[in-house]
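Student: Contents of target.cif (mmCIF, C-alpha atoms, pLDDT in the B column; chains and numbers go by the auth columns):
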data_target
loop_
_atom_site.group_PDB
_atom_site.id
_atom_site.type_symbol
_atom_site.label_atom_id
_atom_site.label_comp_id
_atom_site.label_asym_id
_atom_site.label_seq_id
_atom_site.Cartn_x
_atom_site.Cartn_y
_atom_site.Cartn_z
_atom_site.B_iso_or_equiv
_atom_site.auth_seq_id
_atom_site.auth_asym_id
ATOM 1 C CA MET A 1 22.913 -10.048 -51.435 60.00 1149 R
ATOM 2 C CA ALA A 2 21.062 -12.996 -49.865 67.00 1150 R
ATOM 3 C CA THR A 3 22.445 -14.474 -46.689 72.00 1151 R
ATOM 4 C CA GLU A 4 22.026 -18.186 -46.209 76.00 1152 R
ATOM 5 C CA ARG A 5 21.262 -19.215 -42.649 66.00 1153 R
ATOM 6 C CA VAL A 6 21.544 -22.681 -41.144 71.00 1154 R
ATOM 7 C CA GLU A 7 19.958 -23.458 -37.792 70.00 1155 R
ATOM 8 C CA TYR A 8 19.345 -26.490 -35.621 69.00 1156 R
ATOM 9 C CA ILE A 9 15.776 -27.680 -35.168 81.00 1157 R
ATOM 10 C CA HIS A 10 16.832 -29.583 -32.064 85.00 1158 R
ATOM 11 C CA LEU A 11 19.698 -31.585 -30.614 91.00 1159 R
ATOM 12 C CA ALA A 12 19.149 -35.235 -29.648 95.00 1160 R
ATOM 13 C CA PHE A 13 21.239 -37.452 -27.388 97.00 1161 R
ATOM 14 C CA SER A 14 20.815 -41.191 -26.878 97.00 1162 R
ATOM 15 C CA LEU A 15 21.694 -42.014 -23.276 98.00 1163 R
ATOM 16 C CA GLY A 16 21.306 -45.791 -23.260 97.00 1164 R
ATOM 17 C CA SER A 17 18.691 -46.296 -20.535 98.00 1165 R
ATOM 18 C CA GLU A 18 15.461 -44.880 -19.137 98.00 1166 R
ATOM 19 C CA GLU A 19 17.249 -44.291 -15.825 98.00 1167 R
ATOM 20 C CA ALA A 20 19.843 -42.107 -17.551 98.00 1168 R
ATOM 21 C CA VAL A 21 17.085 -40.102 -19.284 98.00 1169 R
ATOM 22 C CA ASP A 22 15.335 -39.638 -15.914 98.00 1170 R
ATOM 23 C CA ALA A 23 18.535 -38.579 -14.139 98.00 1171 R
ATOM 24 C CA LEU A 24 19.721 -36.094 -16.774 98.00 1172 R
ATOM 25 C CA THR A 25 16.230 -34.625 -17.132 98.00 1173 R
ATOM 26 C CA GLU A 26 16.158 -34.014 -13.379 98.00 1174 R
ATOM 27 C CA ARG A 27 19.653 -32.500 -13.518 97.00 1175 R
ATOM 28 C CA PHE A 28 18.530 -30.048 -16.207 96.00 1176 R
ATOM 29 C CA ARG A 29 15.430 -29.185 -14.128 97.00 1177 R
ATOM 30 C CA THR A 30 17.563 -28.649 -11.000 97.00 1178 R
ATOM 31 C CA ASP A 31 19.942 -26.435 -12.970 96.00 1179 R
ATOM 32 C CA GLY A 32 17.032 -24.190 -13.982 96.00 1180 R
ATOM 33 C CA TYR A 33 16.262 -25.367 -17.513 96.00 1181 R
ATOM 34 C CA LEU A 34 12.647 -25.647 -18.648 97.00 1182 R
ATOM 35 C CA VAL A 35 11.546 -29.264 -19.148 98.00 1183 R
ATOM 36 C CA LEU A 36 9.192 -29.200 -22.132 97.00 1184 R
ATOM 37 C CA SER A 37 7.970 -32.812 -21.850 96.00 1185 R
ATOM 38 C CA GLY A 38 8.647 -36.100 -20.161 94.00 1186 R
ATOM 39 C CA PRO A 39 10.334 -38.184 -19.339 98.00 1187 R
ATOM 40 C CA ARG A 40 7.691 -40.299 -21.039 97.00 1188 R
ATOM 41 C CA LYS A 41 7.041 -43.197 -23.384 97.00 1189 R
ATOM 42 C CA THR A 42 5.860 -41.830 -26.739 93.00 1190 R
ATOM 43 C CA GLY A 43 3.176 -43.335 -28.975 92.00 1191 R
ATOM 44 C CA ASP A 44 5.868 -44.877 -31.171 91.00 1192 R
ATOM 45 C CA ASP A 45 7.453 -46.541 -28.099 92.00 1193 R
ATOM 46 C CA TYR A 46 10.401 -44.197 -27.562 93.00 1194 R
ATOM 47 C CA TYR A 47 11.356 -43.093 -24.065 98.00 1195 R
ATOM 48 C CA GLU A 48 12.328 -39.439 -24.107 97.00 1196 R
ATOM 49 C CA SER A 49 12.226 -36.020 -22.567 98.00 1197 R
ATOM 50 C CA ALA A 50 12.672 -32.583 -24.087 97.00 1198 R
ATOM 51 C CA ILE A 51 14.379 -29.598 -22.478 97.00 1199 R
ATOM 52 C CA LEU A 52 14.610 -26.007 -23.677 96.00 1200 R
ATOM 53 C CA GLY A 53 18.355 -25.524 -23.833 90.00 1201 R
ATOM 54 C CA PHE A 54 20.851 -22.815 -24.644 83.00 1202 R
ATOM 55 C CA GLU A 55 19.872 -20.289 -27.294 82.00 1203 R
ATOM 56 C CA LYS A 56 16.295 -21.657 -27.055 88.00 1204 R
ATOM 57 C CA ASN A 57 17.243 -24.903 -28.840 89.00 1205 R
ATOM 58 C CA PRO A 58 15.210 -27.937 -27.756 93.00 1206 R
ATOM 59 C CA ILE A 59 17.329 -30.806 -26.433 95.00 1207 R
ATOM 60 C CA GLU A 60 15.870 -34.305 -26.780 97.00 1208 R
ATOM 61 C CA LEU A 61 17.088 -37.032 -24.438 98.00 1209 R
ATOM 62 C CA THR A 62 16.334 -40.607 -25.517 97.00 1210 R
ATOM 63 C CA VAL A 63 17.290 -44.161 -24.614 97.00 1211 R
#
Represent the structure of the file as structure tokens.
Tutor:
Amino acid sequence: MATERVEYIHLAFSLGSEEAVDALTERFRTDGYLVLSGPRKTGDDYYESAILGFEKNPIELTV
């Protein structure tokens, strides 16, 4: 019997401002989470950071 499995690739949250992305990224870092990238402006003009969250799921924080 085959078992179907559904998983998240990543979770993304829009925070509304670059300052909010900066602050929450720093909060994650302070709380011991691994910051994978950013905060930074991407090549397609998004402002984001990525954190390795619970159960090894990447969390993307954007404006």
Student: With the PyMOL selection byres ((chain R and resi 1161) around 9) as the selection, what would be picked from this file? Answer as a list in words, please.
Tutor: Leu1159, Ala1160, Ser1162, Leu1163, Ile1207, Glu1208, Leu1209, Thr1210 and Val1211 of chain R
Student: When you draw a straight line from CA of Pro1206 in chain R to CA of His1158 in chain R, how long is it in Å?
Tutor: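 Value for the CA of Pro1206 in chain R-CA of His1158 in chain R distance: 4.9 Å.
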Student: Run the PyMOL selection byres ((chain R and resi 1199) around 12) against the file shown and list the residues it catches, as a PyMOL selection string.
Tutor: chain R and resi 1158-1161+1169+1172-1187+1196-1198+1200-1210
Student: Grab the CA of Arg1188 in chain R to CA of Asp1170 in chain R distance for me, in Å with one decimal place.
Tutor: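 Atom-to-atom, CA of Arg1188 in chain R to CA of Asp1170 in chain R, that is 9.2 Å.
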Student: Render range 1163-1203 of chain R from the structure in the preceding block as a file of N, CA and C atoms, as a compact mmCIF listing (two decimals), in the first residue's frame.
Tutor:
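See result39.txt below for the written result:
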# COMPACT_ATOMS: atom_id res chain seq x y z
N LEU R 1163 5.49 40.82 6.30
CA LEU R 1163 5.46 41.59 7.54
C LEU R 1163 5.15 43.07 7.35
N GLY R 1164 5.15 43.55 6.11
CA GLY R 1164 4.71 44.92 5.87
C GLY R 1164 5.78 45.99 5.77
N SER R 1165 6.98 45.72 6.29
CA SER R 1165 8.04 46.73 6.20
C SER R 1165 9.41 46.06 6.35
N GLU R 1166 10.43 46.73 5.81
CA GLU R 1166 11.80 46.23 5.96
C GLU R 1166 12.20 46.22 7.43
N GLU R 1167 11.76 47.21 8.18
CA GLU R 1167 12.08 47.27 9.62
C GLU R 1167 11.53 46.07 10.36
N ALA R 1168 10.33 45.64 10.00
CA ALA R 1168 9.73 44.47 10.65
C ALA R 1168 10.49 43.20 10.29
N VAL R 1169 10.94 43.09 9.03
CA VAL R 1169 11.75 41.94 8.62
C VAL R 1169 13.05 41.92 9.41
N ASP R 1170 13.71 43.09 9.52
CA ASP R 1170 14.96 43.19 10.28
C ASP R 1170 14.76 42.77 11.74
N ALA R 1171 13.71 43.30 12.36
CA ALA R 1171 13.47 43.04 13.79
C ALA R 1171 13.15 41.58 14.05
N LEU R 1172 12.29 40.97 13.24
CA LEU R 1172 11.92 39.57 13.48
C LEU R 1172 13.08 38.63 13.16
N THR R 1173 13.87 38.98 12.13
CA THR R 1173 15.06 38.19 11.83
C THR R 1173 16.00 38.20 13.03
N GLU R 1174 16.22 39.36 13.62
CA GLU R 1174 17.11 39.46 14.78
C GLU R 1174 16.53 38.71 15.97
N ARG R 1175 15.22 38.73 16.12
CA ARG R 1175 14.58 37.99 17.22
C ARG R 1175 14.81 36.49 17.06
N PHE R 1176 14.63 35.99 15.83
CA PHE R 1176 14.91 34.57 15.57
C PHE R 1176 16.37 34.25 15.90
N ARG R 1177 17.30 35.11 15.44
CA ARG R 1177 18.73 34.89 15.69
C ARG R 1177 19.01 34.85 17.21
N THR R 1178 18.45 35.80 17.93
CA THR R 1178 18.63 35.87 19.39
C THR R 1178 18.06 34.64 20.08
N ASP R 1179 16.97 34.12 19.55
CA ASP R 1179 16.34 32.93 20.14
C ASP R 1179 17.02 31.62 19.72
N GLY R 1180 18.11 31.72 18.95
CA GLY R 1180 18.90 30.54 18.63
C GLY R 1180 18.61 29.87 17.30
N TYR R 1181 17.76 30.47 16.48
CA TYR R 1181 17.50 29.89 15.16
C TYR R 1181 18.61 30.26 14.19
N LEU R 1182 18.85 29.42 13.21
CA LEU R 1182 19.86 29.67 12.20
C LEU R 1182 19.27 30.57 11.11
N VAL R 1183 19.91 31.73 10.90
CA VAL R 1183 19.50 32.63 9.81
C VAL R 1183 20.22 32.16 8.55
N LEU R 1184 19.46 31.74 7.56
CA LEU R 1184 20.02 31.19 6.33
C LEU R 1184 20.49 32.28 5.38
N SER R 1185 19.76 33.40 5.32
CA SER R 1185 20.14 34.52 4.45
C SER R 1185 19.43 35.78 4.90
N GLY R 1186 20.06 36.89 4.57
CA GLY R 1186 19.45 38.19 4.80
C GLY R 1186 19.52 38.67 6.22
N PRO R 1187 18.77 39.72 6.44
CA PRO R 1187 17.86 40.38 5.54
C PRO R 1187 18.62 41.00 4.37
N ARG R 1188 17.96 40.98 3.21
CA ARG R 1188 18.62 41.47 1.99
C ARG R 1188 17.59 41.80 0.93
N LYS R 1189 18.01 42.60 -0.04
CA LYS R 1189 17.20 42.90 -1.21
C LYS R 1189 17.61 41.89 -2.27
N THR R 1190 16.65 41.14 -2.80
CA THR R 1190 16.95 40.11 -3.80
C THR R 1190 17.07 40.73 -5.19
N GLY R 1191 17.52 39.96 -6.16
CA GLY R 1191 17.66 40.42 -7.53
C GLY R 1191 16.35 40.83 -8.16
N ASP R 1192 15.23 40.27 -7.68
CA ASP R 1192 13.93 40.65 -8.22
C ASP R 1192 13.24 41.68 -7.32
N ASP R 1193 14.05 42.40 -6.52
CA ASP R 1193 13.63 43.55 -5.73
C ASP R 1193 12.72 43.23 -4.54
N TYR R 1194 12.80 42.03 -4.02
CA TYR R 1194 12.12 41.69 -2.78
C TYR R 1194 13.07 41.91 -1.61
N TYR R 1195 12.53 42.29 -0.47
CA TYR R 1195 13.33 42.38 0.75
C TYR R 1195 12.93 41.20 1.60
N GLU R 1196 13.89 40.38 1.98
CA GLU R 1196 13.55 39.14 2.68
C GLU R 1196 14.70 38.62 3.51
N SER R 1197 14.36 37.71 4.38
CA SER R 1197 15.35 36.89 5.07
C SER R 1197 14.78 35.48 5.16
N ALA R 1198 15.66 34.52 5.42
CA ALA R 1198 15.23 33.13 5.54
C ALA R 1198 15.85 32.54 6.80
N ILE R 1199 15.04 31.85 7.56
CA ILE R 1199 15.45 31.25 8.83
C ILE R 1199 15.14 29.76 8.77
N LEU R 1200 16.00 28.95 9.36
CA LEU R 1200 15.71 27.52 9.48
C LEU R 1200 14.88 27.34 10.74
N GLY R 1201 13.61 27.00 10.54
CA GLY R 1201 12.67 26.94 11.65
C GLY R 1201 12.47 25.55 12.20
N PHE R 1202 11.35 25.39 12.88
CA PHE R 1202 10.99 24.12 13.50
C PHE R 1202 10.90 23.02 12.46
N GLU R 1203 11.24 21.84 12.85
CA GLU R 1203 11.24 20.66 11.99
C GLU R 1203 12.03 20.88 10.71
